[in-house]
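Trainee: See input_21.cif below, with mmCIF, C-alpha atoms.
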data_run
#
loop_
_atom_site.group_PDB
_atom_site.id
_atom_site.type_symbol
_atom_site.label_atom_id
_atom_site.label_comp_id
_atom_site.auth_asym_id
_atom_site.auth_seq_id
_atom_site.Cartn_x
_atom_site.Cartn_y
_atom_site.Cartn_z
ATOM 1 C CA MET F 270 0.000 0.000 0.000
ATOM 2 C CA ALA F 271 1.475 3.272 -0.981
ATOM 3 C CA THR F 272 2.192 5.708 1.695
ATOM 4 C CA VAL F 273 2.586 9.430 1.632
ATOM 5 C CA ASP F 274 5.273 10.981 3.790
ATOM 6 C CA THR F 275 3.662 13.931 5.564
ATOM 7 C CA ALA F 276 6.451 14.656 7.994
ATOM 8 C CA PRO F 277 7.980 18.122 7.636
ATOM 9 C CA SER F 278 11.394 18.275 6.075
ATOM 10 C CA GLU F 279 12.635 20.701 8.787
ATOM 11 C CA PRO F 280 12.490 20.128 12.534
ATOM 12 C CA HIS F 281 9.156 21.012 13.968
ATOM 13 C CA THR F 282 8.843 24.562 15.222
ATOM 14 C CA PRO F 283 6.167 25.180 17.783
ATOM 15 C CA VAL F 284 3.444 27.485 16.631
ATOM 16 C CA ARG F 285 3.627 30.886 18.343
ATOM 17 C CA ARG F 286 0.724 33.107 18.895
ATOM 18 C CA PRO F 287 1.083 36.628 17.490
ATOM 19 C CA PRO F 288 1.519 39.292 20.139
ATOM 20 C CA PRO F 289 -1.530 41.304 20.992
ATOM 21 C CA SER F 290 -2.049 43.982 18.463
ATOM 22 C CA VAL F 291 -1.009 47.474 19.461
ATOM 23 C CA PRO F 292 -3.218 50.235 18.230
ATOM 24 C CA GLN F 293 -1.464 52.097 15.452
ATOM 25 C CA VAL F 294 -1.321 55.875 15.670
ATOM 26 C CA PRO F 295 -2.098 57.170 12.224
ATOM 27 C CA ARG F 296 0.795 59.110 10.691
ATOM 28 C CA GLN F 297 0.217 62.719 9.906
ATOM 29 C CA ALA F 298 0.575 63.261 6.216
ATOM 30 C CA SER F 299 3.481 65.543 5.322
ATOM 31 C CA PRO F 300 2.369 68.772 3.706
ATOM 32 C CA THR F 301 2.368 68.690 -0.041
ATOM 33 C CA PRO F 302 5.038 71.081 -1.419
ATOM 34 C CA PRO F 303 3.630 73.874 -3.478
ATOM 35 C CA PRO F 304 3.856 73.255 -7.199
ATOM 36 C CA THR F 305 6.943 74.701 -8.873
ATOM 37 C CA PRO F 306 5.898 77.582 -11.063
ATOM 38 C CA PRO F 307 6.625 77.021 -14.701
ATOM 39 C CA GLU F 308 9.824 78.649 -15.934
ATOM 40 C CA GLN F 309 9.153 82.094 -17.261
ATOM 41 C CA PRO F 310 10.230 82.878 -20.800
ATOM 42 C CA HIS F 311 13.084 85.383 -21.011
ATOM 43 C CA SER F 312 10.826 88.127 -22.295
ATOM 44 C CA ALA F 313 8.594 87.854 -19.208
ATOM 45 C CA THR F 314 11.425 89.058 -16.957
ATOM 46 C CA LEU F 315 11.879 92.320 -18.875
ATOM 47 C CA ILE F 316 10.316 95.543 -17.682
ATOM 48 C CA GLY F 317 8.100 96.866 -20.421
ATOM 49 C CA SER F 318 8.042 100.482 -19.259
ATOM 50 C CA VAL F 319 11.845 100.628 -19.378
ATOM 51 C CA GLN F 320 11.854 99.178 -22.879
ATOM 52 C CA ARG F 321 9.306 101.748 -24.035
ATOM 53 C CA ALA F 322 11.248 104.614 -22.447
ATOM 54 C CA MET F 323 14.435 103.492 -24.172
ATOM 55 C CA ARG F 324 12.662 103.346 -27.527
ATOM 56 C CA LEU F 325 11.496 106.915 -27.003
ATOM 57 C CA LEU F 326 15.021 108.074 -26.151
ATOM 58 C CA GLU F 327 16.412 106.421 -29.267
ATOM 59 C CA CYS F 328 13.664 107.962 -31.358
ATOM 60 C CA VAL F 329 14.308 111.463 -29.986
ATOM 61 C CA ALA F 330 18.044 111.037 -30.675
ATOM 62 C CA GLU F 331 17.240 110.495 -34.350
ATOM 63 C CA HIS F 332 15.560 113.918 -34.609
ATOM 64 C CA GLU F 333 18.242 116.590 -34.486
ATOM 65 C CA TYR F 334 15.664 119.383 -34.537
ATOM 66 C CA GLY F 335 13.267 117.782 -32.069
ATOM 67 C CA ALA F 336 9.948 116.001 -32.516
ATOM 68 C CA PRO F 337 6.440 116.360 -31.013
ATOM 69 C CA ALA F 338 4.868 113.725 -28.807
ATOM 70 C CA LYS F 339 2.399 112.555 -31.455
ATOM 71 C CA GLN F 340 5.182 111.871 -33.944
ATOM 72 C CA LEU F 341 7.282 110.051 -31.334
ATOM 73 C CA ALA F 342 4.288 107.933 -30.308
ATOM 74 C CA ARG F 343 3.581 107.022 -33.928
ATOM 75 C CA GLU F 344 7.225 106.151 -34.731
ATOM 76 C CA THR F 345 7.644 104.001 -31.609
ATOM 77 C CA GLY F 346 4.253 102.331 -31.911
ATOM 78 C CA LEU F 347 3.146 103.543 -28.468
ATOM 79 C CA ALA F 348 -0.296 104.692 -27.456
ATOM 80 C CA LEU F 349 -0.330 108.480 -27.173
ATOM 81 C CA PRO F 350 -1.243 108.542 -23.432
ATOM 82 C CA THR F 351 1.614 106.107 -22.696
ATOM 83 C CA ALA F 352 4.042 108.181 -24.736
ATOM 84 C CA TYR F 353 2.964 111.390 -22.937
ATOM 85 C CA HIS F 354 3.456 109.772 -19.528
ATOM 86 C CA LEU F 355 6.920 108.438 -20.382
ATOM 87 C CA LEU F 356 7.998 111.688 -22.034
ATOM 88 C CA ARG F 357 7.020 113.710 -18.959
ATOM 89 C CA THR F 358 8.985 111.317 -16.742
ATOM 90 C CA LEU F 359 12.069 111.509 -18.968
ATOM 91 C CA VAL F 360 11.887 115.307 -18.973
ATOM 92 C CA HIS F 361 11.597 115.354 -15.173
ATOM 93 C CA GLU F 362 14.694 113.137 -14.851
ATOM 94 C CA GLY F 363 16.704 115.281 -17.273
ATOM 95 C CA TYR F 364 17.029 112.716 -20.057
ATOM 96 C CA LEU F 365 14.820 114.832 -22.333
ATOM 97 C CA ARG F 366 13.960 118.505 -22.517
ATOM 98 C CA ARG F 367 10.871 120.076 -24.016
ATOM 99 C CA ASP F 368 10.940 123.296 -25.986
ATOM 100 C CA LYS F 369 7.874 124.722 -27.788
ATOM 101 C CA GLY F 370 6.203 121.346 -27.889
ATOM 102 C CA LEU F 371 9.228 119.520 -29.265
ATOM 103 C CA PHE F 372 11.340 116.985 -27.380
ATOM 104 C CA PHE F 373 15.159 116.961 -27.448
ATOM 105 C CA LEU F 374 17.824 114.946 -25.635
ATOM 106 C CA GLY F 375 18.495 116.389 -22.181
ATOM 107 C CA GLU F 376 21.733 116.914 -20.264
ATOM 108 C CA ALA F 377 21.542 113.537 -18.521
ATOM 109 C CA ALA F 378 21.368 111.713 -21.865
ATOM 110 C CA VAL F 379 24.231 113.817 -23.246
ATOM 111 C CA ARG F 380 26.370 112.918 -20.229
ATOM 112 C CA LEU F 381 25.664 109.245 -20.835
ATOM 113 C CA GLY F 382 26.717 109.618 -24.462
ATOM 114 C CA SER F 383 29.913 111.449 -23.515
ATOM 115 C CA SER F 384 30.828 108.775 -20.984
ATOM 116 C CA GLY F 385 30.271 106.047 -23.551
ATOM 117 C CA ALA F 386 32.400 107.843 -26.137
ATOM 118 C CA GLN F 387 35.181 108.338 -23.591
ATOM 119 C CA GLN F 388 35.133 104.659 -22.672
ATOM 120 C CA LYS F 389 35.381 103.781 -26.362
ATOM 121 C CA ARG F 390 38.402 106.079 -26.773
ATOM 122 C CA ARG F 391 40.105 104.516 -23.762
ATOM 123 C CA SER F 392 39.420 101.075 -25.154
ATOM 124 C CA THR F 393 40.956 102.061 -28.508
ATOM 125 C CA VAL F 394 44.156 103.304 -26.823
ATOM 126 C CA ALA F 395 44.346 100.205 -24.623
ATOM 127 C CA GLU F 396 44.048 97.937 -27.672
ATOM 128 C CA ALA F 397 46.816 99.873 -29.452
ATOM 129 C CA LEU F 398 49.164 99.467 -26.487
ATOM 130 C CA ALA F 399 48.334 95.782 -26.178
ATOM 131 C CA GLN F 400 49.376 95.285 -29.800
ATOM 132 C CA CYS F 401 52.742 96.904 -29.062
ATOM 133 C CA ARG F 402 53.170 94.865 -25.896
ATOM 134 C CA ASP F 403 52.570 91.607 -27.741
ATOM 135 C CA ALA F 404 54.733 92.582 -30.721
ATOM 136 C CA ILE F 405 57.762 93.609 -28.626
ATOM 137 C CA GLY F 406 57.275 91.473 -25.513
ATOM 138 C CA VAL F 407 57.677 94.307 -23.007
ATOM 139 C CA PRO F 408 55.343 96.460 -20.897
ATOM 140 C CA VAL F 409 54.231 99.591 -22.759
ATOM 141 C CA TYR F 410 53.203 102.969 -21.314
ATOM 142 C CA TYR F 411 51.460 105.976 -22.842
ATOM 143 C CA ALA F 412 51.571 109.405 -21.189
ATOM 144 C CA LEU F 413 50.724 113.060 -21.872
ATOM 145 C CA TYR F 414 51.791 116.383 -20.424
ATOM 146 C CA ARG F 415 48.533 118.236 -19.875
ATOM 147 C CA ASP F 416 47.558 121.205 -17.714
ATOM 148 C CA GLY F 417 51.030 121.325 -16.238
ATOM 149 C CA GLU F 418 51.058 117.713 -15.082
ATOM 150 C CA ILE F 419 52.316 114.317 -16.239
ATOM 151 C CA GLU F 420 49.401 111.955 -16.902
ATOM 152 C CA VAL F 421 50.013 108.268 -17.516
ATOM 153 C CA MET F 422 46.981 107.496 -19.664
ATOM 154 C CA CYS F 423 47.396 103.753 -20.127
ATOM 155 C CA VAL F 424 49.739 100.901 -19.210
ATOM 156 C CA SER F 425 49.713 97.513 -20.928
ATOM 157 C CA ASP F 426 51.624 94.647 -19.352
ATOM 158 C CA SER F 427 51.241 90.917 -18.744
ATOM 159 C CA PRO F 428 52.092 88.441 -15.976
ATOM 160 C CA GLY F 429 55.312 87.536 -17.772
ATOM 161 C CA THR F 430 56.279 91.174 -18.407
ATOM 162 C CA PRO F 431 54.963 93.215 -15.470
ATOM 163 C CA ALA F 432 55.007 97.015 -15.479
ATOM 164 C CA VAL F 433 57.104 99.049 -13.075
ATOM 165 C CA GLU F 434 55.316 99.521 -9.767
ATOM 166 C CA GLU F 435 54.445 103.177 -9.159
ATOM 167 C CA TRP F 436 56.014 103.333 -5.729
ATOM 168 C CA ALA F 437 56.600 107.107 -6.017
ATOM 169 C CA ASP F 438 53.988 109.321 -7.701
ATOM 170 C CA PHE F 439 54.809 109.582 -11.423
ATOM 171 C CA ARG F 440 53.538 113.173 -11.486
ATOM 172 C CA GLU F 441 55.930 114.309 -8.777
ATOM 173 C CA THR F 442 58.964 112.335 -9.956
ATOM 174 C CA GLY F 443 59.070 113.236 -13.648
ATOM 175 C CA HIS F 444 62.752 114.133 -13.287
ATOM 176 C CA ALA F 445 63.554 110.527 -12.387
ATOM 177 C CA HIS F 446 61.837 108.385 -15.019
ATOM 178 C CA ALA F 447 62.108 108.220 -18.796
ATOM 179 C CA ILE F 448 58.444 109.139 -19.289
ATOM 180 C CA GLY F 449 58.829 112.395 -17.360
ATOM 181 C CA GLN F 450 62.178 113.328 -18.873
ATOM 182 C CA CYS F 451 60.827 112.713 -22.384
ATOM 183 C CA LEU F 452 57.776 114.900 -21.751
ATOM 184 C CA LEU F 453 59.800 117.671 -20.120
ATOM 185 C CA SER F 454 62.241 117.654 -23.022
ATOM 186 C CA GLN F 455 59.362 118.631 -25.332
ATOM 187 C CA LEU F 456 58.488 121.755 -23.296
ATOM 188 C CA ASP F 457 60.096 125.159 -23.564
ATOM 189 C CA GLU F 458 62.460 126.325 -20.845
ATOM 190 C CA ASP F 459 59.869 128.377 -18.968
ATOM 191 C CA ALA F 460 57.455 125.449 -18.790
ATOM 192 C CA ARG F 461 60.231 123.133 -17.567
ATOM 193 C CA ARG F 462 61.249 125.536 -14.807
ATOM 194 C CA ASP F 463 57.638 125.992 -13.792
ATOM 195 C CA HIS F 464 57.206 122.229 -13.534
ATOM 196 C CA LEU F 465 60.363 121.787 -11.463
ATOM 197 C CA ALA F 466 59.339 124.640 -9.173
ATOM 198 C CA ARG F 467 56.159 122.725 -8.385
ATOM 199 C CA HIS F 468 57.795 119.290 -8.326
ATOM 200 C CA PRO F 469 61.388 119.803 -7.143
ATOM 201 C CA VAL F 470 64.164 117.383 -8.056
ATOM 202 C CA GLN F 471 64.850 114.868 -5.321
ATOM 203 C CA ALA F 472 66.986 111.741 -5.295
ATOM 204 C CA ILE F 473 64.816 108.632 -5.004
ATOM 205 C CA THR F 474 67.548 106.098 -5.898
ATOM 206 C CA PRO F 475 71.367 106.370 -5.891
ATOM 207 C CA TYR F 476 71.178 106.919 -9.690
ATOM 208 C CA THR F 477 68.662 109.789 -9.729
ATOM 209 C CA VAL F 478 69.797 113.177 -11.037
ATOM 210 C CA ARG F 479 70.787 115.324 -8.032
ATOM 211 C CA ASP F 480 69.555 118.834 -8.823
ATOM 212 C CA SER F 481 67.413 120.804 -11.258
ATOM 213 C CA ARG F 482 70.399 122.514 -12.908
ATOM 214 C CA THR F 483 71.881 119.158 -13.923
ATOM 215 C CA LEU F 484 68.512 117.958 -15.130
ATOM 216 C CA LEU F 485 67.889 121.096 -17.214
ATOM 217 C CA ARG F 486 71.267 120.697 -18.908
ATOM 218 C CA ARG F 487 70.432 117.092 -19.696
ATOM 219 C CA LEU F 488 67.036 118.042 -21.150
ATOM 220 C CA GLU F 489 68.615 120.744 -23.334
ATOM 221 C CA ARG F 490 70.930 118.147 -24.899
ATOM 222 C CA ILE F 491 68.066 115.883 -25.932
ATOM 223 C CA ARG F 492 67.441 116.402 -29.620
ATOM 224 C CA ARG F 493 63.968 116.608 -31.075
ATOM 225 C CA MET F 494 62.328 113.181 -31.461
ATOM 226 C CA GLU F 495 65.282 111.468 -29.751
ATOM 227 C CA THR F 496 64.701 108.412 -27.557
ATOM 228 C CA VAL F 497 65.203 109.105 -23.844
ATOM 229 C CA THR F 498 66.606 106.364 -21.612
ATOM 230 C CA GLU F 499 67.141 106.055 -17.884
ATOM 231 C CA ARG F 500 68.744 103.288 -15.895
ATOM 232 C CA GLN F 501 67.572 102.672 -12.332
ATOM 233 C CA GLU F 502 66.873 106.364 -11.724
ATOM 234 C CA TYR F 503 63.260 105.734 -10.736
ATOM 235 C CA ALA F 504 63.288 102.099 -9.609
ATOM 236 C CA LEU F 505 66.276 99.945 -8.730
ATOM 237 C CA GLY F 506 66.594 96.954 -11.023
ATOM 238 C CA THR F 507 64.695 98.613 -13.893
ATOM 239 C CA VAL F 508 65.728 100.387 -17.102
ATOM 240 C CA CYS F 509 63.348 102.406 -19.287
ATOM 241 C CA ALA F 510 63.175 104.102 -22.677
ATOM 242 C CA ALA F 511 60.659 106.701 -23.881
ATOM 243 C CA ILE F 512 59.901 107.938 -27.387
ATOM 244 C CA PRO F 513 58.492 111.447 -27.953
ATOM 245 C CA ILE F 514 55.229 111.647 -29.894
ATOM 246 C CA THR F 515 53.694 114.703 -31.496
ATOM 247 C CA VAL F 516 49.937 114.724 -30.908
ATOM 248 C CA GLY F 517 48.795 118.168 -32.013
ATOM 249 C CA THR F 518 50.350 120.688 -29.646
ATOM 250 C CA THR F 519 50.350 118.259 -26.713
ATOM 251 C CA ALA F 520 53.568 116.633 -25.496
ATOM 252 C CA ALA F 521 53.144 112.865 -25.470
ATOM 253 C CA THR F 522 55.297 109.767 -25.155
ATOM 254 C CA MET F 523 55.274 106.003 -25.379
ATOM 255 C CA ALA F 524 57.689 104.120 -23.169
ATOM 256 C CA ILE F 525 58.882 100.637 -22.303
ATOM 257 C CA SER F 526 60.627 99.102 -19.304
ATOM 258 C CA LEU F 527 62.830 96.063 -18.734
ATOM 259 C CA PRO F 528 64.614 94.423 -15.815
ATOM 260 C CA ALA F 529 68.151 95.782 -15.441
ATOM 261 C CA HIS F 530 69.671 92.403 -16.276
ATOM 262 C CA GLN F 531 68.043 92.701 -19.731
ATOM 263 C CA ALA F 532 69.430 96.200 -20.372
ATOM 264 C CA ASP F 533 70.984 95.063 -23.657
ATOM 265 C CA ARG F 534 67.427 94.642 -25.040
ATOM 266 C CA LEU F 535 66.396 98.206 -24.222
ATOM 267 C CA LEU F 536 67.549 100.073 -27.350
ATOM 268 C CA PRO F 537 66.526 97.367 -29.851
ATOM 269 C CA ALA F 538 63.100 97.228 -28.215
ATOM 270 C CA ALA F 539 62.859 101.034 -28.339
ATOM 271 C CA ARG F 540 63.614 101.002 -32.073
ATOM 272 C CA GLN F 541 60.909 98.395 -32.535
ATOM 273 C CA LEU F 542 58.538 100.626 -30.578
ATOM 274 C CA GLN F 543 59.319 103.511 -32.928
ATOM 275 C CA ASP F 544 58.295 101.348 -35.858
ATOM 276 C CA GLU F 545 54.994 100.560 -34.136
ATOM 277 C CA VAL F 546 54.258 104.180 -33.167
ATOM 278 C CA GLY F 547 53.736 105.407 -36.728
ATOM 279 C CA ARG F 548 51.057 102.816 -37.265
ATOM 280 C CA LEU F 549 49.289 103.708 -34.024
ATOM 281 C CA LEU F 550 49.300 107.509 -34.161
ATOM 282 C CA GLY F 551 45.661 107.655 -35.222
ATOM 283 C CA SER F 552 44.588 105.636 -32.198
ATOM 284 C CA LEU F 553 46.782 107.579 -29.816
ATOM 285 C CA SER F 554 45.691 111.007 -31.012
ATOM 286 C CA ILE F 555 42.134 110.445 -29.762
ATOM 287 C CA SER F 556 43.453 110.283 -26.202
ATOM 288 C CA ILE F 557 43.791 114.070 -26.131
ATOM 289 C CA SER F 558 40.034 114.292 -25.528
ATOM 290 C CA MET F 559 40.023 111.594 -22.848
#
Could you render the structure from this file as structure tokens?
Mentor:
Amino acid sequence: MATVDTAPSEPHTPVRRPPPSVPQVPRQASPTPPPTPPEQPHSATLIGSVQRAMRLLECVAEHEYGAPAKQLARETGLALPTAYHLLRTLVHEGYLRRDKGLFFLGEAAVRLGSSGAQQKRRSTVAEALAQCRDAIGVPVYYALYRDGEIEVMCVSDSPGTPAVEEWADFRETGHAHAIGQCLLSQLDEDARRDHLARHPVQAITPYTVRDSRTLLRRLERIRRMETVTERQEYALGTVCAAIPITVGTTAATMAISLPAHQADRLLPAARQLQDEVGRLLGSLSISISM
């Protein structure tokens, strides 16, 4: 008779009763985060009133002899009440002025235009100097003598060819550096003496010229358009050369500097700078109005 084995394959484990049920405290549902607003298109973040005001300013700038509000509204596509409101605001802020019913650019807008033009001129000069710096591989300086003072307008250097640190004010130490000596050499004797009376000669390194009489004699010997050099007169460990530039009636110069241990490169680099100057005169001449 066939039998069926019903014995468990594992040792018998006594049946355990489940522990008494413990009442479950219902969990409080966490608050649902607010839905993330859909990303706004770029145009939605712009301020329409500012855009409309700028269009009006641009439109007024196109009318040299002024334009009435109705014409400006029509040309900018604005409703006439909106145009009137914006025009009144722009007049109040000085960006427009109104004369006999016509609107013109105001002083505030003119100042903005002048600042932008000046920045463009500075950028043009900076680009010209950067070209020289890269072509010659030395720091390049551009300076003017204006209103009785030496003004370094722009310096272009790089991490590998750093400019001389202005540890003593360039305006007050023109007797000691090539930039100042080159500019002073382009002045007449009365202007030189006036400058030295305001900024007396003083020794700032062991190599600096000692007195104004010696300096004046040196300046008199410098021929027109001759390169001026100085060696460690302004900063120890540095040699410099400056080239005179004629920019209208204003005395101007471009200069370079090198470490003293590279002094043999100074004159060849100065000659290379002279070659570059002729090409850059147009860019440099605009600096007079900076």
Trainee: Kindly indicate which residue among F:Ala336, F:Cys401, F:Cys423, F:Leu484 lies nearest to Arg462 in chain F, using all atoms listed in the file for the distances.
Mentor: F:Leu484
Trainee: Would you kindly translate the PyMOL selection byres ((chain F and resi 477) around 10) into the concrete residues it picks from this file, as a PyMOL selection string?
Mentor: chain F and resi 444-446+470-476+478-480+484+499-504
Trainee: Can you tell me which residues surround Leu452 in chain F at a distance of at most 7 Å, considering all atoms listed in the file, apart from same-chain residues fewer than 3 positions away, and format the answer as a short mmCIF file (atom, residue, chain, number, x, y, z; two decimals) with C-alpha atoms, in the frame of the given file?
Mentor:
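Output (out_6.cif):
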data_model
loop_
_atom_site.label_atom_id
_atom_site.label_comp_id
_atom_site.auth_asym_id
_atom_site.auth_seq_id
_atom_site.Cartn_x
_atom_site.Cartn_y
_atom_site.Cartn_z
CA TYR F 414 51.79 116.38 -20.42
CA ILE F 448 58.44 109.14 -19.29
CA GLY F 449 58.83 112.40 -17.36
CA GLN F 455 59.36 118.63 -25.33
CA ALA F 520 53.57 116.63 -25.50
CA ALA F 521 53.14 112.86 -25.47
CA THR F 522 55.30 109.77 -25.16
#
Trainee: Go through the shown structure with the PyMOL selection byres ((chain F and resi 465-468) around 8) and write out the matching residues as an MDAnalysis selection string.
Mentor: chainID F and resid 441:442 461:464 469:470 481
Trainee: Just how far from CA of Thr515 in chain F is CA of Gly547 in chain F, in Å to one decimal?
Mentor: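 Atom-to-atom, CA of Gly547 in chain F and CA of Thr515 in chain F are spaced 10.7 Å apart.
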Trainee: Quick one: which residues end up in the PyMOL selection byres ((chain F and resi 419) around 8) for this structure, as a ChimeraX atom specification?
Mentor: /F:412-415,417-418,420-421,439-440,443,449,452
Trainee: Please determine, counting all atoms listed in the file, which residue among F:Pro428, F:Ala342, F:Asp544, F:Thr393 has the shortest atom-to-atom distance to Leu355 in chain F.
Mentor: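 That would be F:Ala342, the residue with the smallest distance to Leu355 in chain F.
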Trainee: Between F:Glu331, F:Asp368, F:Asp457, F:Glu545, which residue has the minimum interatomic distance to Leu398 in chain F, considering only C-alpha atoms?
Mentor: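 Ranked by minimum distance to Leu398 in chain F, first place goes to F:Glu545.
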Trainee: Have a look at CA of Arg324 in chain F and CA of Glu376 in chain F and let me know their distance in Å, one decimal.
Mentor: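 Straight-line distance from CA of Arg324 in chain F to CA of Glu376 in chain F works out to 17.9 Å.
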Trainee: Closest to Val497 in chain F among F:Leu359, F:Ala399, F:Leu381, F:Ala511, using all atoms listed in the file?
Mentor: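 Using all atoms listed in the file, the shortest distance to Val497 in chain F belongs to F:Ala511.
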Trainee: So, with all atoms listed in the file as the atoms that count, which of F:Tyr410, F:Ala404, F:Tyr334, F:Ser454 lies closest to Leu374 in chain F?
Mentor: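 Distance minimum relative to Leu374 in chain F lands on F:Tyr334.
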Trainee: Taking all atoms listed in the file into account, which of F:Gly363, F:Gly370, F:Gly335, F:Gly317 comes nearest Thr351 in chain F?
Mentor: F:Gly317
Trainee: Return as AutoDock Vina command-line options the box centre and box size in Å, one decimal, for an axis-aligned box around all listed atoms of range 400-412 of chain F padded by 8 Å per side.
Mentor:
--center_x 53.6 --center_y 100.4 --center_z -25.8 --size_x 24.4 --size_y 33.9 --size_z 25.8
Trainee: Can you tell me, as a list in words, what residues are no more than 10 Å from Gly346 in chain F when counting all atoms listed in the file, ignoring any on the same chain fewer than 3 positions away?
Mentor: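 Non-adjacent residues within range: Arg321, Arg324, Leu325, Gln340, Leu341, Ala342, Arg343, Leu349 and Ala352 of chain F.
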Trainee: Just how far from CA of Leu488 in chain F is CA of Glu434 in chain F, in Å to one decimal?
Mentor: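 Taking CA of Glu434 in chain F and CA of Leu488 in chain F, their separation equals 24.7 Å.
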